[in-house]
Every structure is written in structure tokens, then in C-alpha cells.
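Structure below is entry34.txt: compact mmCIF, C-alpha atoms.
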```
# COMPACT_ATOMS: atom_id res chain seq x y z
CA MET A 1184 0.00 0.00 0.00
CA ALA A 1185 1.25 3.46 -0.87
CA HIS A 1186 2.23 5.73 2.04
CA ILE A 1187 -0.45 8.27 1.08
CA PRO A 1188 -3.74 7.64 -0.77
CA LEU A 1189 -2.76 8.00 -4.44
CA PRO A 1190 -5.16 7.71 -7.39
CA GLU A 1191 -5.88 4.00 -7.86
CA GLN A 1192 -4.81 1.78 -10.74
CA LEU A 1193 -2.04 4.09 -11.87
CA PRO A 1194 1.41 2.50 -11.51
CA GLY A 1195 4.58 4.09 -10.16
CA ILE A 1196 5.21 7.73 -10.87
CA SER A 1197 1.95 8.07 -12.82
CA SER A 1198 -0.01 7.94 -9.57
CA ALA A 1199 2.20 10.55 -7.90
CA PHE A 1200 1.92 12.80 -10.98
CA ALA A 1201 -1.89 12.50 -10.90
CA PHE A 1202 -1.88 13.31 -7.16
CA ARG A 1203 0.12 16.54 -7.60
CA PRO A 1204 -0.16 17.94 -11.15
CA GLU A 1205 1.63 21.18 -10.11
CA THR A 1206 4.92 19.34 -9.56
CA ALA A 1207 4.24 16.79 -12.31
CA ARG A 1208 4.49 19.40 -15.06
CA PRO A 1209 8.09 20.55 -14.51
CA MET A 1210 9.13 16.95 -13.75
CA ARG A 1211 7.64 15.82 -17.08
CA ASP A 1212 9.22 18.76 -18.91
CA LEU A 1213 12.64 17.94 -17.44
CA ALA A 1214 12.44 14.29 -18.51
CA HIS A 1215 11.28 15.38 -21.96
CA VAL A 1216 14.29 17.66 -22.51
CA LEU A 1217 16.77 15.18 -21.05
CA LEU A 1218 15.53 12.01 -22.71
CA HIS A 1219 13.41 12.84 -25.72
CA GLU A 1220 14.37 16.12 -27.38
CA PRO A 1221 17.01 16.18 -30.13
CA ASN A 1222 20.50 15.62 -28.72
CA SER A 1223 23.85 14.35 -29.99
CA LEU A 1224 23.29 11.37 -27.66
CA SER A 1225 20.54 9.23 -29.15
CA PRO A 1226 17.31 8.73 -27.16
CA GLY A 1227 18.27 5.05 -26.78
CA GLU A 1228 21.62 5.98 -25.23
CA ARG A 1229 20.00 8.45 -22.83
CA GLU A 1230 17.33 5.92 -21.82
CA LEU A 1231 20.12 3.42 -21.11
CA ILE A 1232 21.74 5.93 -18.73
CA ALA A 1233 18.36 6.43 -17.00
CA THR A 1234 17.79 2.68 -16.80
CA TYR A 1235 21.27 2.00 -15.44
CA VAL A 1236 20.96 4.60 -12.65
CA SER A 1237 17.46 3.36 -11.78
CA SER A 1238 18.80 -0.18 -11.45
CA LEU A 1239 21.62 1.04 -9.17
CA ASN A 1240 18.94 2.73 -7.07
CA ASP A 1241 16.96 -0.53 -7.16
CA CYS A 1242 13.78 1.16 -8.41
CA TYR A 1243 11.74 -1.54 -10.15
CA PHE A 1244 9.22 0.76 -11.82
CA CYS A 1245 11.77 3.19 -13.28
CA GLN A 1246 14.30 0.63 -14.45
CA THR A 1247 11.57 -1.45 -16.11
CA SER A 1248 9.71 1.39 -17.81
CA HIS A 1249 12.88 3.17 -19.01
CA GLY A 1250 14.40 -0.19 -19.96
CA ALA A 1251 11.32 -0.75 -22.14
CA ALA A 1252 11.71 2.73 -23.67
CA ALA A 1253 15.41 2.04 -24.35
CA ALA A 1254 14.57 -1.32 -25.96
CA CYS A 1255 12.01 0.38 -28.15
CA HIS A 1256 14.52 3.00 -29.36
CA LEU A 1257 17.27 0.42 -29.87
CA GLY A 1258 15.04 -2.16 -31.55
CA ASP A 1259 16.04 -4.93 -29.14
CA SER A 1260 15.96 -5.71 -25.43
CA ALA A 1261 19.26 -7.66 -25.42
CA THR A 1262 21.36 -4.49 -25.07
CA VAL A 1263 19.29 -3.34 -22.07
CA LYS A 1264 19.92 -6.70 -20.37
CA GLN A 1265 23.65 -6.50 -21.16
CA VAL A 1266 23.93 -3.01 -19.68
CA HIS A 1267 22.07 -4.18 -16.60
CA ALA A 1268 24.39 -7.21 -16.16
CA ASP A 1269 27.75 -5.52 -16.99
CA PHE A 1270 27.84 -2.47 -19.25
CA GLU A 1271 31.57 -2.88 -19.92
CA LYS A 1272 30.71 -6.06 -21.88
CA ALA A 1273 27.59 -4.66 -23.59
CA SER A 1274 27.40 -3.97 -27.32
CA ILE A 1275 27.38 -0.18 -26.89
CA SER A 1276 29.92 2.46 -27.87
CA GLU A 1277 33.05 3.02 -25.79
CA LYS A 1278 31.91 6.62 -25.32
CA LEU A 1279 28.63 5.50 -23.77
CA LYS A 1280 30.52 3.14 -21.47
CA ARG A 1281 32.60 6.05 -20.19
CA LEU A 1282 29.45 8.14 -19.71
CA LEU A 1283 27.86 5.28 -17.75
CA VAL A 1284 30.90 5.32 -15.44
CA ILE A 1285 30.22 9.01 -14.74
CA ALA A 1286 26.50 8.28 -14.21
CA GLY A 1287 27.38 5.58 -11.68
CA GLN A 1288 29.62 8.01 -9.81
CA VAL A 1289 26.83 10.61 -9.69
CA GLN A 1290 24.46 7.96 -8.33
CA ARG A 1291 26.77 7.47 -5.33
CA GLY A 1292 27.06 11.24 -4.83
CA GLY A 1293 28.15 14.26 -6.87
CA LYS A 1294 31.59 14.47 -5.27
CA ASN A 1295 32.42 10.96 -6.50
CA VAL A 1296 32.79 12.15 -10.10
CA THR A 1297 36.50 12.14 -10.88
CA ARG A 1298 38.59 14.19 -13.31
CA GLU A 1299 39.85 10.90 -14.73
CA ALA A 1300 36.34 9.71 -15.52
CA VAL A 1301 35.52 13.00 -17.27
CA ALA A 1302 38.84 12.96 -19.19
CA ALA A 1303 38.22 9.35 -20.27
CA ALA A 1304 34.80 10.28 -21.67
CA ARG A 1305 36.25 13.31 -23.43
CA GLU A 1306 39.02 11.22 -25.04
CA LEU A 1307 36.32 9.12 -26.67
CA GLY A 1308 34.66 12.22 -28.08
CA ALA A 1309 32.13 13.14 -25.40
CA THR A 1310 31.24 16.85 -25.60
CA ASP A 1311 30.66 19.21 -22.67
CA THR A 1312 26.91 19.05 -23.25
CA GLU A 1313 26.96 15.25 -23.33
CA ILE A 1314 28.88 15.16 -20.04
CA HIS A 1315 26.51 17.76 -18.57
CA ASP A 1316 23.46 15.82 -19.68
CA THR A 1317 24.86 12.55 -18.34
CA VAL A 1318 25.41 14.13 -14.93
CA LEU A 1319 21.93 15.66 -14.93
CA ILE A 1320 20.17 12.49 -16.17
CA ALA A 1321 21.88 10.51 -13.41
CA ALA A 1322 21.06 13.19 -10.81
CA ALA A 1323 17.45 13.45 -12.01
CA PHE A 1324 16.92 9.70 -11.69
CA CYS A 1325 18.21 9.89 -8.13
CA MET A 1326 15.15 12.13 -7.69
CA TYR A 1327 12.58 10.17 -9.74
CA ASN A 1328 13.64 6.85 -8.15
CA ARG A 1329 13.38 8.24 -4.61
CA TYR A 1330 10.02 9.83 -5.41
CA VAL A 1331 8.58 6.55 -6.75
CA ASP A 1332 9.89 4.38 -3.90
CA GLY A 1333 9.66 7.02 -1.15
CA LEU A 1334 5.87 7.12 -1.58
CA ALA A 1335 5.73 3.29 -1.87
CA THR A 1336 3.80 3.55 -5.15
CA TRP A 1337 2.08 0.53 -6.70
CA GLN A 1338 4.56 -1.16 -9.07
CA PRO A 1339 2.89 -4.18 -10.67
CA HIS A 1340 5.09 -6.85 -12.25
CA ASP A 1341 3.37 -6.86 -15.62
CA GLU A 1342 5.70 -7.04 -18.61
CA SER A 1343 3.10 -6.16 -21.22
CA MET A 1344 2.18 -2.98 -19.32
CA TYR A 1345 5.80 -1.80 -19.27
CA ALA A 1346 6.24 -2.71 -22.94
CA GLN A 1347 3.26 -0.49 -23.79
CA MET A 1348 4.58 2.31 -21.62
CA GLY A 1349 8.00 2.00 -23.24
CA GLU A 1350 6.45 2.33 -26.70
CA HIS A 1351 4.50 5.39 -25.64
CA LEU A 1352 7.55 7.02 -24.05
CA ALA A 1353 9.74 6.27 -27.07
CA ARG A 1354 7.15 7.66 -29.47
CA GLU A 1355 5.60 10.57 -27.59
CA GLY A 1356 8.12 11.49 -24.92
CA TYR A 1357 7.22 12.63 -21.44
CA LYS A 1358 4.79 15.52 -21.68
CA THR A 1359 1.65 13.40 -21.54
CA PRO A 1360 0.70 10.40 -19.35
CA SER A 1361 1.98 7.07 -20.68
CA VAL A 1362 -0.75 5.13 -18.86
CA ARG A 1363 -4.35 6.07 -18.25
CA PRO A 1364 -6.68 4.67 -15.63
CA PRO A 1365 -9.08 2.07 -17.01
CA VAL A 1366 -12.38 3.59 -18.16
CA GLN A 1367 -14.98 3.01 -15.46
CA GLY A 1368 -18.21 1.09 -16.10
CA MET B 980 38.34 23.79 -12.06
CA THR B 981 34.89 22.60 -13.08
CA HIS B 982 34.52 19.31 -14.99
CA ILE B 983 33.20 21.09 -18.10
CA ARG B 984 33.55 24.67 -19.33
CA LEU B 985 30.79 26.58 -17.55
CA PRO B 986 30.01 30.31 -17.86
CA GLU B 987 32.46 32.21 -15.66
CA GLY B 988 31.60 34.26 -12.58
CA LEU B 989 28.47 32.28 -11.70
CA GLN B 990 28.38 30.22 -8.51
CA GLY B 991 27.07 26.68 -8.07
CA ILE B 992 23.92 25.71 -9.90
CA ARG B 993 23.71 29.12 -11.61
CA ALA B 994 26.67 28.25 -13.85
CA ALA B 995 25.17 24.89 -14.77
CA MET B 996 21.78 26.46 -15.45
CA ALA B 997 23.27 29.22 -17.62
CA PHE B 998 25.17 26.52 -19.54
CA ARG B 999 21.93 24.65 -20.32
CA PRO B 1000 18.87 26.95 -20.15
CA GLU B 1001 16.63 24.23 -21.63
CA THR B 1002 16.94 22.13 -18.47
CA ALA B 1003 17.20 25.18 -16.19
CA LYS B 1004 13.59 26.13 -16.92
CA PRO B 1005 11.89 23.02 -15.48
CA LEU B 1006 14.49 22.83 -12.69
CA ASN B 1007 13.56 26.35 -11.54
CA GLU B 1008 9.84 25.76 -12.02
CA LEU B 1009 10.02 22.65 -9.83
CA ALA B 1010 11.84 24.55 -7.07
CA GLU B 1011 9.28 27.36 -7.36
CA VAL B 1012 6.31 25.02 -6.77
CA LEU B 1013 8.00 23.01 -4.03
CA LEU B 1014 9.56 25.84 -2.05
CA HIS B 1015 7.96 29.17 -2.94
CA ALA B 1016 4.35 28.66 -4.09
CA PRO B 1017 1.59 28.84 -1.44
CA ASN B 1018 1.48 25.68 0.69
CA SER B 1019 0.25 24.64 4.13
CA LEU B 1020 3.92 24.18 5.05
CA THR B 1021 5.51 27.64 5.31
CA PRO B 1022 8.32 28.58 2.92
CA GLY B 1023 10.65 28.59 5.95
CA GLU B 1024 9.72 25.01 6.85
CA ARG B 1025 10.18 23.82 3.29
CA GLU B 1026 13.54 25.58 2.97
CA LEU B 1027 14.64 23.87 6.21
CA ILE B 1028 13.83 20.48 4.65
CA ALA B 1029 15.87 21.44 1.54
CA THR B 1030 18.75 22.69 3.71
CA TYR B 1031 18.77 19.57 5.88
CA VAL B 1032 18.86 17.19 2.89
CA SER B 1033 21.59 19.29 1.23
CA SER B 1034 23.69 19.10 4.38
CA GLN B 1035 23.17 15.32 4.55
CA ASN B 1036 24.43 15.22 0.95
CA ASP B 1037 27.36 17.45 1.95
CA CYS B 1038 26.63 20.03 -0.78
CA TYR B 1039 28.13 23.32 0.40
CA PHE B 1040 26.45 25.53 -2.18
CA CYS B 1041 22.92 24.18 -1.73
CA GLN B 1042 22.95 23.99 2.06
CA THR B 1043 24.32 27.54 2.29
CA VAL B 1044 21.96 29.08 -0.27
CA HIS B 1045 18.87 27.33 1.05
CA GLY B 1046 19.98 27.84 4.65
CA SER B 1047 20.14 31.58 3.88
CA ILE B 1048 16.70 31.54 2.25
CA ALA B 1049 15.31 29.62 5.24
CA ALA B 1050 16.82 32.18 7.65
CA ALA B 1051 15.35 35.03 5.60
CA HIS B 1052 11.90 33.45 5.99
CA LEU B 1053 12.48 32.79 9.72
CA ASP B 1054 13.30 36.26 11.08
CA ASP B 1055 17.00 35.88 10.21
CA ASP B 1056 17.37 33.07 12.75
CA GLU B 1057 20.59 31.57 11.40
CA GLU B 1058 21.14 29.71 14.69
CA LEU B 1059 17.91 27.76 14.14
CA VAL B 1060 19.08 26.76 10.67
CA ARG B 1061 22.42 25.55 12.09
CA CYS B 1062 20.59 23.60 14.79
CA VAL B 1063 18.36 21.84 12.23
CA LYS B 1064 21.46 20.78 10.29
CA THR B 1065 23.31 19.53 13.40
CA ASP B 1066 20.48 17.83 15.31
CA PHE B 1067 16.94 18.73 14.34
CA SER B 1068 15.46 16.82 17.29
CA GLN B 1069 16.85 19.61 19.54
CA ALA B 1070 15.73 22.49 17.30
CA ALA B 1071 12.95 24.95 18.18
CA ILE B 1072 10.65 23.69 15.42
CA SER B 1073 7.27 21.96 15.54
CA ASP B 1074 7.00 18.22 16.23
CA LYS B 1075 5.31 17.91 12.87
CA LEU B 1076 8.32 19.38 11.09
CA LYS B 1077 10.63 17.06 13.06
CA ALA B 1078 8.61 14.07 11.88
CA LEU B 1079 8.77 15.37 8.29
CA LEU B 1080 12.55 15.89 8.57
CA ALA B 1081 12.84 12.25 9.68
CA ILE B 1082 11.06 11.23 6.47
CA ALA B 1083 13.29 13.54 4.40
CA GLY B 1084 16.38 11.94 5.96
CA LYS B 1085 15.12 8.49 4.95
CA VAL B 1086 14.48 9.64 1.38
CA GLN B 1087 18.03 11.01 1.22
CA LYS B 1088 19.36 7.52 1.96
CA GLY B 1089 16.99 5.97 -0.60
CA GLY B 1090 13.25 5.83 -1.27
CA LYS B 1091 12.78 2.36 0.20
CA PHE B 1092 14.04 3.52 3.62
CA VAL B 1093 10.79 5.41 4.27
CA THR B 1094 8.63 3.23 6.53
CA ALA B 1095 4.89 3.17 7.20
CA ALA B 1096 5.78 3.98 10.83
CA ASP B 1097 7.65 7.17 9.76
CA VAL B 1098 4.61 8.30 7.79
CA GLU B 1099 2.23 7.39 10.62
CA ALA B 1100 4.34 9.42 13.08
CA ALA B 1101 4.11 12.48 10.84
CA ARG B 1102 0.38 11.99 10.39
CA LYS B 1103 -0.11 11.81 14.19
CA GLN B 1104 1.45 15.28 14.42
CA GLY B 1105 -1.09 16.55 11.90
CA ALA B 1106 0.83 16.20 8.62
CA THR B 1107 -1.49 16.02 5.62
CA ASP B 1108 -1.07 13.77 2.57
CA VAL B 1109 0.12 16.72 0.48
CA GLU B 1110 2.64 17.72 3.16
CA ILE B 1111 4.02 14.16 3.27
CA HIS B 1112 4.11 14.07 -0.53
CA ASP B 1113 5.90 17.40 -0.74
CA THR B 1114 8.42 16.40 1.92
CA VAL B 1115 9.29 13.26 -0.04
CA LEU B 1116 9.59 15.21 -3.26
CA ILE B 1117 11.62 18.09 -1.78
CA ALA B 1118 14.05 15.54 -0.33
CA ALA B 1119 14.20 13.61 -3.62
CA ALA B 1120 14.64 16.81 -5.65
CA PHE B 1121 17.57 17.92 -3.51
CA CYS B 1122 19.21 14.54 -4.06
CA MET B 1123 19.13 15.71 -7.70
CA TYR B 1124 20.13 19.38 -7.26
CA ASN B 1125 22.99 18.45 -4.89
CA ARG B 1126 24.38 15.82 -7.29
CA TYR B 1127 24.05 18.25 -10.21
CA VAL B 1128 25.99 21.00 -8.40
CA ASP B 1129 28.76 18.73 -7.09
CA GLY B 1130 28.79 16.29 -10.02
CA LEU B 1131 29.92 19.12 -12.33
CA ASP B 1132 32.34 20.39 -9.67
CA THR B 1133 30.88 23.90 -9.89
CA TRP B 1134 32.56 26.96 -8.37
CA GLN B 1135 31.29 27.38 -4.79
CA PRO B 1136 33.04 30.32 -3.16
CA HIS B 1137 32.78 30.53 0.63
CA ASP B 1138 31.20 33.95 1.03
CA GLU B 1139 28.48 33.98 3.69
CA GLU B 1140 27.45 37.57 3.10
CA LEU B 1141 26.85 36.91 -0.60
CA TYR B 1142 24.53 34.00 0.19
CA ARG B 1143 22.83 35.96 2.99
CA GLN B 1144 21.91 38.83 0.66
CA ARG B 1145 20.88 36.49 -2.13
CA GLY B 1146 18.83 34.44 0.33
CA LYS B 1147 16.79 37.51 1.27
CA LYS B 1148 16.11 38.30 -2.37
CA THR B 1149 15.19 34.72 -3.31
CA ALA B 1150 12.90 34.46 -0.26
CA ARG B 1151 11.10 37.54 -1.59
CA GLU B 1152 11.04 36.91 -5.31
CA GLY B 1153 11.17 33.13 -5.78
CA TYR B 1154 13.22 30.94 -8.08
CA VAL B 1155 11.81 31.73 -11.50
CA THR B 1156 12.16 35.50 -11.11
CA MET B 1157 15.68 35.15 -9.68
CA SER B 1158 16.72 32.99 -12.64
CA GLN B 1159 16.50 36.09 -14.86
CA GLU B 1160 19.68 37.27 -13.09
CA TYR B 1161 21.81 34.54 -14.63
CA LEU B 1162 19.96 32.84 -17.49
CA PRO B 1163 20.68 34.18 -20.97
CA GLN B 1164 17.85 36.54 -21.90
CA PRO B 1165 16.13 36.21 -25.30
CA HIS B 1166 17.92 39.20 -26.89
CA GLN B 1167 21.31 37.75 -25.87
CA GLN B 1168 20.43 34.43 -27.48
CA GLN B 1169 19.99 36.27 -30.76
CA GLY B 1170 23.64 37.19 -30.73
CA GLU B 1171 23.88 40.50 -28.83
CA ARG B 1172 26.53 40.66 -26.21
```

For the structure just supplied, provide its representation as C-alpha cells.
Amino acid sequence: MAHIPLPEQLPGISSAFAFRPETARPMRDLAHVLLHEPNSLSPGERELIATYVSSLNDCYFCQTSHGAAAACHLGDSATVKQVHADFEKASISEKLKRLLVIAGQVQRGGKNVTREAVAAARELGATDTEIHDTVLIAAAFCMYNRYVDGLATWQPHDESMYAQMGEHLAREGYKTPSVRPPVQG
Amino acid sequence: MTHIRLPEGLQGIRAAMAFRPETAKPLNELAEVLLHAPNSLTPGERELIATYVSSQNDCYFCQTVHGSIAAAHLDDDEELVRCVKTDFSQAAISDKLKALLAIAGKVQKGGKFVTAADVEAARKQGATDVEIHDTVLIAAAFCMYNRYVDGLDTWQPHDEELYRQRGKKTAREGYVTMSQEYLPQPHQQQGER
């Protein structure tokens, strides 16, 4: 049971967004800029960063929904599983691997990010904006994950639901709800 | 030196926000709703939650800025702000706020640390569902802002008077209005210097 009475039958962050639309709007806008708008990092790469941080934070809802969005962008779910298991061995670019190192450091705390990690990413061609966005995606998911779990939201284990959400997120982005409550009656 | 080339002369999150105005906009709007917009928790109480979480995350810039804003809302009581950071159970604040700070501290460690008993304790002191929600989200949001500020290794000069004066102004004007001080304005984006 959620810690506060949230709208029923909405999973994870969707229920918290419906409970407090005033905070939902900037939170949706932020995710939309970070993950969906045009960027030199592809949407699939950015969703992988979000998924990786969410798995480090052990947030089932976020890692599953963003994993589904990443799979949709990348055209397969194998890469998502590889990144989850050990990103150093995943079939992703070396640049993305170095950015995932930075994201993992941010997850533990901002001061953990090292000059070496930033230099390593830059050597593989990462730009200032890509490094900035990696840091902010990782930081933002330290917020979203805590929000979703800190309210003890309902997080059903339902693969087809997350697959549908992933498709919606990959196609439409974050400005509108990816799940709607079932129509009554 | 910062990890990436940020606009010079801007402290902490201001440099990061000026570097990337597209993300600055929702970041400021979120802070505005959580900390400045009308709420049954006073702005001072909400700034104390932000300050406490920032000190738990050891972010100098955020705890000093928000500590200054909190003091500005609380009759310039900087001692109270220090006390909340050191040991809030001994601070001259309401029992409800103490129970909410306990929840915020759990969120800082990770969302799953918040227990039904923590929430029940806050509710017994009169906390509403929205107040509990907002406490969780303020704490979660500062786990983002703090990581953003330190993760880019932004410039954080130790200048208490600067933060004190800025705290008074932010307490008055809010986050979106204050952002006009450091975000590129439309005419500058068109190439004027």
C-alpha cells in the first residue's frame, strides 16, 4: 500500500503525478528535454543511462519502464539486459561506457565524479553538453527513483504494461501520461 | 576547475543552469512550486527540509543558499538553521516538522528507507497527505540538485554575506524570477553581447 492515498490503478510515478499535477508538469518537462528532445546522444543511449541509474537505485518501476523505452529505441531488449548485467561487456559504444561510469559516480554522490572519468569520456569524443546531460540524467533519476519508492507507489510486475509504456515514451516522450486509468463502467 | 567549461563568474547551480537553459527552466519551475508557491507548510519550513537534505548530501552551495533563504523566511534566525542541520530533534521547530525531517532523511538515503511507521508518526502530528508528498519530493529533488551541483564540480566560493543577501532576495522573489539574473535573456540568445 502506498504511504499516502494515491489515485488507484495508476502504476509508479503516474499515480504521484496525478496526485500533484503542479509538480508533475516541470518533472515531465525535465524528462522530456533530457531524454526525448534532439541531442547528440541518441534517445536510446540516454534511456540506457536512466535505466542504469534506476537499477543502481533498485527502483523496479523506473528501471523497467525506461528499460522498455530504451529497448524500443534500440530495436532490441538484449542491449538493455547486457547493460544491466555488466555495461563494460555490452554492445554499446566506448563513449557511452565512459558516460555510464560518470553516471554511476553521480548515483553514489556528486563528489564521486573524478577528473579521470571525465577525461576518459572526453578522449572518446564526449562533448561538454553530453557530459553535462549525463550528470543531470543521473542526478534526475536519483530524484525520480526516490520519489517513486519514497511514496511506496504501486509497481505491478506486468511485462506487457511496461512494454506499452516504453512504446508510448519512445514515441511521444514525457509531456503526456503514458498510462491512463481504465475507463470506469 | 569545473569538470566542463561553464560560464564564468556564476556560482554553483547558476553556472550549470546558464550553460543549459533548456533544463534550467523546469528545474527552476520545480523549485518554485515546491519551495515558494503557497502551501500549508511555510516557505521557511520547506527551505529547512531542503537545507537539511543538502547538508546530509554534503553540498556546500545548496545547504548555504537554502539555509540563507530559510533564515530570511524565519526572522533571520541563522542559529535555528544551524541547529536543524546539526540535530533537528533539539531544534525549536514543531514536532510535525521534526517528523517530516525524519522522512526527508530516509528519502536522502533511498526511497525504500521510508517506513509506514515514519509516515504514521508524521500523520499523528497533523501532517497532511500533500505535506508528506511534498516532503518526499523536496528531499528527492535535492538529491538531484545536490548531485548536479557537485557532479559538475561547480565553483562554490565561501562567502556567507553573498549567500545571505541572495537568500533575502530569493525568499522575496522566488526561483523563476531570480533565474533572470543569470539565465541568458532572449535578446542575448539572438547574438547580442

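The closest residue to chain A, picked from B:Arg1061, B:Lys1088, B:His1045, B:His1015 and counting all atoms listed in the file, is B:Lys1088.
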
Name the residues in contact with segment 1269-1273 of chain A at a cut-off of 12 Å, using all atoms listed in the file, excluding same-chain residues fewer than 2 positions from it; report them as an NGL selection string.
-> :A and (1231-1232 or 1234-1236 or 1238-1239 or 1260-1267 or 1275-1284 or 1286-1287)

Within 10 Å of Ser1223 of chain A, counting only C-alpha atoms, which residues qualify if same-chain residues fewer than 5 places away don't, as a list of chain:residue names?
->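 Using only C-alpha atoms, the neighbours found are A:Glu1228, A:Ala1309, A:Thr1310, A:Thr1312, A:Glu1313.
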
Using all atoms listed in the file, find the residues of chain A whose closest atom to chain B is at most 8 Å away, then write them as a VMD selection string.
-> chain A and resid 1186 to 1188 1205 to 1206 1209 to 1210 1212 to 1213 1216 to 1217 1240 1289 to 1290 1292 to 1296 1298 1301 1311 1314 to 1315 1318 to 1319 1322 to 1335

Taken to one decimal, the atom CA of Glu1160 of chain B-atom CA of Tyr1039 of chain B distance is 21.2 Å

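If you look at atom CA of Leu1076 of chain B and atom CA of Glu1024 of chain B, they are 7.2 Å away from each other.
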
Quick one, how far is atom CA of His1137 of chain B from atom CA of Val1044 of chain B?
->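 Atom CA of His1137 of chain B sits 11.0 Å away from atom CA of Val1044 of chain B.
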
Fewer than 2 positions away in the same chain doesn't count, so skip those; otherwise give me all residues within 12 Å of Ala1253 of chain A, counting all atoms listed in the file, as number ranges by chain.
-> A: 1218-1219, 1225-1235, 1245-1251, 1255-1264, 1266-1267, 1345-1346, 1348-1354, 1356

Segment 1027-1034 of chain B: axis-aligned bounding box, 5 Å on each side, centre and edge lengths in Å, one decimal, as AutoDock Vina command-line options:
```
--center_x 18.8 --center_y 20.5 --center_z 3.7 --size_x 19.9 --size_y 16.7 --size_z 15.0
```

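Considering the residues B:Tyr1161, B:Phe1040, B:Phe1067, B:Tyr1154 and counting all atoms listed in the file, Pro986 of chain B has its shortest atom-to-atom contact with B:Tyr1161.
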
List the neighbours of Thr1065 of chain B out to 12 Å using all atoms listed in the file; skip same-chain residues closer than 4 positions along the sequence, and give me the result as a PyMOL selection string.
-> chain B and resi 1030-1032+1034-1035+1058-1061+1069-1070

For the point (32.2, 28.6, -8.8) in file coordinates, what residues are within 7 Å, counting all atoms listed in the file? Give the answer as a ChimeraX atom specification?
-> /B:988-991,1133-1136

Could the residues in this selection be saved with C-alpha atoms as an mmCIF file, keeping the file's coordinate frame?
```cif
data_model
loop_
_atom_site.group_PDB
_atom_site.id
_atom_site.type_symbol
_atom_site.label_atom_id
_atom_site.label_comp_id
_atom_site.auth_asym_id
_atom_site.auth_seq_id
_atom_site.Cartn_x
_atom_site.Cartn_y
_atom_site.Cartn_z
ATOM 1 C CA GLY B 988 31.600 34.260 -12.580
ATOM 2 C CA LEU B 989 28.470 32.280 -11.700
ATOM 3 C CA GLN B 990 28.380 30.220 -8.510
ATOM 4 C CA GLY B 991 27.070 26.680 -8.070
ATOM 5 C CA THR B 1133 30.880 23.900 -9.890
ATOM 6 C CA TRP B 1134 32.560 26.960 -8.370
ATOM 7 C CA GLN B 1135 31.290 27.380 -4.790
ATOM 8 C CA PRO B 1136 33.040 30.320 -3.160
#
```

Write out as a PDB file with C-alpha atoms, in the frame of the given file which residues come within 9 Å of Ala1100 of chain B when counting only C-alpha atoms, dropping same-chain ones fewer than 6 positions away.
```pdb
ATOM      1  CA  LYS B1075       5.310  17.910  12.870  1.00  0.00           C
ATOM      2  CA  ALA B1078       8.610  14.070  11.880  1.00  0.00           C
ATOM      3  CA  LEU B1079       8.770  15.370   8.290  1.00  0.00           C
ATOM      4  CA  ALA B1106       0.830  16.200   8.620  1.00  0.00           C
TER       5      ALA B1106
END
```

When distances are computed from only C-alpha atoms, which of A:Gln1338, A:Gln1347, A:Ser1237, A:Ser1361 shows the smallest separation from Pro1194 of chain A?
-> A:Gln1338

Which residue of A:Thr1359, A:Asn1222, A:Ser1274, A:Gln1288 approaches Ser1197 of chain A most closely, using all atoms listed in the file =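 When distances to Ser1197 of chain A are compared using all atoms listed in the file, the smallest one comes from A:Thr1359.
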